[in-house]
Structures are given as C-alpha cells and as structure tokens.
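Below is data_25.csv, holding CSV, C-alpha atoms.
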```csv
chain,number,residue,atom,x,y,z
A,10,MET,CA,-0.7,-10.5,3.6
A,11,LEU,CA,-3.5,-10.1,6.2
A,12,GLN,CA,-7.0,-10.2,4.8
A,13,ARG,CA,-10.5,-10.4,6.3
A,14,LEU,CA,-12.5,-13.2,4.7
A,15,GLU,CA,-15.6,-11.2,4.6
A,16,ASP,CA,-13.8,-8.6,2.4
A,17,ILE,CA,-13.1,-11.2,-0.3
A,18,GLU,CA,-15.8,-11.0,-2.9
A,19,ASN,CA,-14.7,-13.9,-5.1
A,20,THR,CA,-16.7,-16.8,-3.7
A,21,GLU,CA,-14.3,-19.4,-5.2
A,22,LYS,CA,-11.4,-17.8,-3.5
A,23,ARG,CA,-13.3,-17.6,-0.2
A,24,SER,CA,-14.1,-21.3,-0.5
A,25,LYS,CA,-10.5,-22.2,-1.2
A,26,LEU,CA,-9.3,-20.1,1.8
A,27,LEU,CA,-11.8,-21.8,4.1
A,28,ALA,CA,-10.6,-25.2,2.9
A,29,LEU,CA,-7.0,-24.1,3.8
A,30,VAL,CA,-8.3,-23.1,7.3
A,31,ALA,CA,-10.0,-26.5,7.7
A,32,GLU,CA,-6.7,-28.2,6.8
A,33,MET,CA,-4.8,-26.2,9.4
A,34,GLU,CA,-7.6,-26.9,11.9
A,35,SER,CA,-7.0,-30.6,11.4
A,36,SER,CA,-3.2,-30.4,11.9
A,37,THR,CA,-3.5,-28.0,14.9
A,38,PHE,CA,-6.4,-29.0,17.1
A,39,ALA,CA,-7.4,-32.2,18.8
A,40,HIS,CA,-11.0,-31.4,18.0
A,41,PRO,CA,-10.8,-29.5,14.7
A,42,TRP,CA,-13.7,-27.6,13.1
A,43,SER,CA,-14.7,-29.1,9.8
A,44,LEU,CA,-15.1,-27.1,6.5
A,45,GLU,CA,-18.8,-27.3,7.1
A,46,ASP,CA,-18.4,-25.8,10.6
A,47,LEU,CA,-16.3,-23.0,9.3
A,48,THR,CA,-18.6,-22.3,6.4
A,49,ARG,CA,-21.6,-22.2,8.8
A,50,ASN,CA,-19.7,-19.9,11.2
A,51,GLN,CA,-18.9,-17.5,8.4
A,52,SER,CA,-22.5,-17.2,7.4
A,53,TYR,CA,-23.2,-15.0,10.4
A,54,ASP,CA,-22.1,-11.4,10.1
A,55,TYR,CA,-20.9,-11.2,13.8
A,56,ASN,CA,-18.2,-13.7,13.1
A,57,HIS,CA,-14.9,-12.5,11.7
A,58,LEU,CA,-11.9,-14.4,10.2
A,59,TYR,CA,-8.6,-12.8,9.4
A,60,LEU,CA,-6.1,-14.8,7.4
A,61,ALA,CA,-2.4,-14.4,7.1
A,62,THR,CA,-1.4,-15.7,3.6
A,63,ALA,CA,1.5,-15.8,1.2
A,64,CYS,CA,1.7,-16.5,-2.5
A,65,GLY,CA,3.4,-19.8,-3.2
A,66,LYS,CA,3.2,-19.5,-7.0
A,67,ALA,CA,2.2,-16.3,-8.9
A,68,VAL,CA,1.1,-16.1,-12.5
A,69,ALA,CA,4.0,-14.7,-14.5
A,70,GLY,CA,3.7,-11.0,-14.9
A,71,LYS,CA,0.7,-10.6,-12.6
A,72,LEU,CA,1.6,-9.7,-9.1
A,73,ASP,CA,-1.9,-9.9,-7.8
A,74,ASP,CA,-2.8,-13.3,-9.4
A,75,CYS,CA,-1.7,-16.1,-7.1
A,76,GLN,CA,-2.0,-19.7,-8.2
A,77,GLU,CA,-1.1,-21.2,-4.9
A,78,THR,CA,-2.0,-19.5,-1.6
A,79,ILE,CA,-0.1,-20.6,1.5
A,80,LEU,CA,-2.0,-20.1,4.8
A,81,LEU,CA,0.4,-18.8,7.5
A,82,GLY,CA,-2.2,-18.5,10.2
A,83,TYR,CA,-5.7,-17.2,11.1
A,84,VAL,CA,-7.8,-15.8,13.9
A,85,LEU,CA,-11.5,-16.3,14.1
A,86,TYR,CA,-13.6,-14.3,16.6
A,87,SER,CA,-17.2,-13.2,17.2
A,88,ASP,CA,-18.5,-9.8,18.3
A,89,VAL,CA,-22.1,-9.9,19.6
A,90,ALA,CA,-23.7,-7.0,21.5
A,91,ASP,CA,-20.2,-5.5,22.4
A,92,ASP,CA,-19.0,-8.8,23.8
A,93,ALA,CA,-16.2,-10.5,21.7
A,94,GLU,CA,-15.0,-14.1,21.9
A,95,LEU,CA,-11.8,-15.5,20.4
A,96,LEU,CA,-13.0,-18.7,18.9
A,97,ARG,CA,-9.9,-20.0,17.2
A,98,ILE,CA,-6.3,-18.9,16.5
A,99,ALA,CA,-3.7,-21.0,14.7
A,100,VAL,CA,-0.3,-20.5,13.2
A,101,ALA,CA,1.6,-22.7,10.7
A,102,ASP,CA,4.0,-25.1,12.6
A,103,ASN,CA,7.1,-23.5,11.0
A,104,LEU,CA,6.1,-20.0,12.1
A,105,ARG,CA,5.2,-20.7,15.7
A,106,GLY,CA,7.2,-18.5,18.1
A,107,LYS,CA,8.1,-16.0,15.4
A,108,GLY,CA,5.5,-13.3,16.0
A,109,MET,CA,2.7,-14.5,13.7
A,110,GLY,CA,0.3,-15.1,16.7
A,111,SER,CA,1.0,-11.6,18.0
A,112,THR,CA,0.3,-10.1,14.5
A,113,LEU,CA,-3.0,-12.0,14.4
A,114,MET,CA,-3.9,-10.9,17.9
A,115,GLU,CA,-3.0,-7.3,17.3
A,116,THR,CA,-5.1,-7.3,14.1
A,117,MET,CA,-8.1,-8.7,16.0
A,118,MET,CA,-7.7,-6.3,18.9
A,119,GLN,CA,-7.6,-3.3,16.5
A,120,ASP,CA,-10.7,-4.6,14.7
A,121,LEU,CA,-12.5,-5.1,18.0
A,122,GLY,CA,-11.7,-1.6,19.0
A,123,ARG,CA,-13.1,-0.4,15.7
A,124,LEU,CA,-16.3,-2.4,16.5
A,125,ASN,CA,-16.5,-0.9,20.0
A,126,ALA,CA,-16.3,-4.2,21.8
A,127,GLU,CA,-16.3,-3.8,25.5
A,128,LYS,CA,-14.6,-7.1,26.4
A,129,LEU,CA,-12.9,-10.1,24.9
A,130,SER,CA,-13.2,-13.6,26.4
A,131,LEU,CA,-11.7,-17.0,25.4
A,132,GLU,CA,-11.1,-20.4,26.8
A,133,VAL,CA,-7.8,-22.3,26.6
A,134,ARG,CA,-6.4,-25.6,27.8
A,135,GLU,CA,-4.5,-25.0,31.1
A,136,LYS,CA,-1.4,-26.7,29.8
A,137,ASN,CA,-1.2,-24.6,26.6
A,138,ALA,CA,1.5,-22.4,28.0
A,139,SER,CA,2.5,-20.7,24.7
A,140,ALA,CA,-1.2,-19.6,24.1
A,141,ILE,CA,-1.6,-18.4,27.6
A,142,HIS,CA,1.5,-16.4,27.4
A,143,LEU,CA,0.3,-14.8,24.1
A,144,TYR,CA,-3.1,-13.9,25.7
A,145,GLU,CA,-1.5,-12.5,28.8
A,146,LYS,CA,0.8,-10.3,26.5
A,147,PHE,CA,-2.4,-8.8,25.2
A,148,GLY,CA,-3.9,-8.1,28.6
A,149,LEU,CA,-6.1,-11.1,29.1
A,150,SER,CA,-6.2,-12.7,32.5
A,151,GLU,CA,-7.8,-15.8,34.0
A,152,ILE,CA,-11.3,-15.2,35.4
A,153,PHE,CA,-12.6,-18.7,35.8
A,154,ARG,CA,-11.5,-22.4,35.6
A,155,ARG,CA,-13.7,-25.2,34.3
A,156,GLU,CA,-12.4,-28.3,35.9
A,157,ASN,CA,-11.9,-31.4,33.6
A,158,TYR,CA,-13.6,-29.6,30.8
A,159,TYR,CA,-11.5,-31.0,28.0
A,160,GLN,CA,-11.1,-34.7,27.0
A,161,ASP,CA,-8.2,-36.4,25.2
A,162,PRO,CA,-6.5,-35.6,27.5
A,163,VAL,CA,-8.6,-34.6,30.4
A,164,GLU,CA,-7.6,-31.0,31.3
A,165,ASP,CA,-9.1,-27.9,32.8
A,166,ALA,CA,-10.2,-25.0,30.7
A,167,LEU,CA,-9.1,-21.5,31.7
A,168,ILE,CA,-11.5,-18.7,30.9
A,169,MET,CA,-9.6,-15.5,30.2
A,170,GLN,CA,-10.9,-12.0,29.6
A,171,LYS,CA,-9.9,-8.5,28.8
A,172,ARG,CA,-11.9,-5.3,29.1
A,173,PHE,CA,-11.2,-2.8,26.3
A,174,ARG,CA,-9.9,0.7,26.7
A,175,ASP,CA,-6.6,0.7,24.8
A,176,TYR,CA,-7.8,-0.4,21.4
A,177,ARG,CA,-10.6,2.0,20.7
A,178,ALA,CA,-10.4,3.6,17.2
```

Using structure tokens, write down the structure from this file.
Amino acid sequence: MLQRLEDIENTEKRSKLLALVAEMESSTFAHPWSLEDLTRNQSYDYNHLYLATACGKAVAGKLDDCQETILLGYVLYSDVADDAELLRIAVADNLRGKGMGSTLMETMMQDLGRLNAEKLSLEVREKNASAIHLYEKFGLSEIFRRENYYQDPVEDALIMQKRFRDYRA
C-alpha cells in the first residue's frame, strides 16, 4: 500500500512509520537521517513523504487493523515555490531491482504534477549507477557535478534535474 504520511491522522501510527523510515535510513545510507531529522522535516508542509508498506501481521477478522507494518520503501521530497527536490528515496534490500523504486518515483512525479512543480532537482553519488539509471528513466539529466562533495568514500555528486511538462494533472 502506498500512503502519504501527511494523510495519516493517527499520530501514534505516524510516529511508528517515521521510526521505520529512520531504521531503513540507517541500513541504506552512509549518512542516515535520524528520527529527529525526519520528524523535523515532516513538520514543514512543503515536505512530502510517501511510504510503501505491507501488513506483516493483521488482527484476526479486521483487514484494516495491522499489528506489524513492514516498510517496503519511501520517497521524501520537497516542493517550494514550484521547485521540487528529491531529498531521499530508499527501497528494502530484498525489493531492489524489482520496480519498487519506479513505483515510488512515479507516485512522486504524479504528486508534483498535481502541485504544479516546474522542475525537480536531486543530487546523487556519481557511482550510484542504479539510482542514476532510475532517475534517467524518469527524464532527469545531469546539469552539474560537485567534485569531491561526498566523504566516506570521497566521491563527486551529480546534480540532476527535470523540467515538468508530462506529469501535469
């Protein structure tokens, strides 16, 4: 199931989902965002977080009551003054290369079209070939290179961008 965090009214459920995102951050990124970082990020209405989840254990007889939520992936982006930025995207290890990243990107693109974003920008490690391939699939292209931007290991950052026309609602 894909859901937007801001649409979840139950604050306990929102907190649990953000904790799952923080766990995936830790297992995915060399420099993960903390739960505090994620919570602060979500306090601004221009930041959006879509989560792909599955129910690991449901309450007997209640299809909508999930006791254990499994996070499959997420996409976190901002939209300020018609300029969007992809801040984070991650997919569970066992689902990489199986279309979940594309599903998350497509969801974000449709939402940015609805929000009338004019362009989407992001930065990515130059050696992250699978991410670069995903971004190119969605029409982003390199516009700038920041030399030696990343540490551990030292690596260039590619700035990629797409101008919107195809995803307008």

I'd like the contact shell of Arg13 of chain A - 9 Å cut-off, all atoms listed in the file, skipping same-chain residues fewer than 2 positions apart - returned as an NGL selection string. :A and (11 or 15-17 or 57-60)

Could you save the residues just selected, with C-alpha atoms, as a compact mmCIF listing (two decimals), in the frame of the given file?
```txt
# COMPACT_ATOMS: atom_id res chain seq x y z
CA LEU A 11 -3.50 -10.10 6.20
CA GLU A 15 -15.60 -11.20 4.60
CA ASP A 16 -13.80 -8.60 2.40
CA ILE A 17 -13.10 -11.20 -0.30
CA HIS A 57 -14.90 -12.50 11.70
CA LEU A 58 -11.90 -14.40 10.20
CA TYR A 59 -8.60 -12.80 9.40
CA LEU A 60 -6.10 -14.80 7.40
```

Measuring between only C-alpha atoms, which one of A:Phe173, A:Tyr144, A:Tyr158, A:Phe153 shows the shortest distance to Gly110 of chain A? A:Tyr144

I need every residue sitting at most 12 Å from the point (2.2, -9.5, 16.6) (coordinates as in the file, only C-alpha atoms considered), written as an MDAnalysis selection string. chainID A and resid 11 61 82 100 105:119 143:144 146:147

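Nearest to Ile79 of chain A of all the residues A:Lys25, A:Lys128, A:Arg49, A:Arg97 is A:Lys25, based on only C-alpha atoms.
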
In Å to one decimal, how far is atom CA of Asp46 of chain A from atom CA of Glu77 of chain A? 23.7 Å

Point-to-point distance from atom CA of Arg155 of chain A to atom CA of Leu131 of chain A, Å rounded to tenths: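 According to the coordinates, atom CA of Arg155 of chain A and atom CA of Leu131 of chain A are separated by 12.3 Å.
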
Among listed residues A:Thr48, A:Gln160, A:Gln170, A:Gln12, nearest Tyr83 of chain A (using all atoms listed in the file):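 Checking each candidate against Tyr83 of chain A, we get A:Gln12 as the closest.
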
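Each of A:Leu14, A:Ala99, A:Val163, A:Ala90 was checked against Ser139 of chain A using only C-alpha atoms; the smallest atom-to-atom distance is that of A:Ala99.
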
Gap from atom CA of Trp42 of chain A to atom CA of Cys75 of chain A - Å, one decimal: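 The value is 26.2 Å.
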
May I have the residues within 10 Å of Leu80 of chain A as number ranges by chain, using all atoms listed in the file and disregarding those fewer than 5 positions away in the same chain? A: 10, 26-27, 29-30, 32-33, 60-65, 100-101

Restricting the calculation to only C-alpha atoms: of A:Asp102, A:Leu167, A:Thr37, A:Arg172, which residue gets closest to Ala138 of chain A?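 Nearest to Ala138 of chain A: A:Leu167.
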
Once 5 Å is added on each side, what centre and edge lengths in Å to one decimal does the axis-aligned box around all listed atoms of segment 39-58 of chain A have, as AutoDock Vina command-line options?
```
--center_x -15.3 --center_y -21.7 --center_z 12.6 --size_x 25.8 --size_y 31.0 --size_z 22.4
```

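Closest to Gln51 of chain A among A:Ile168, A:Ile152, A:Ile141, A:Leu85 is A:Leu85, based on only C-alpha atoms.
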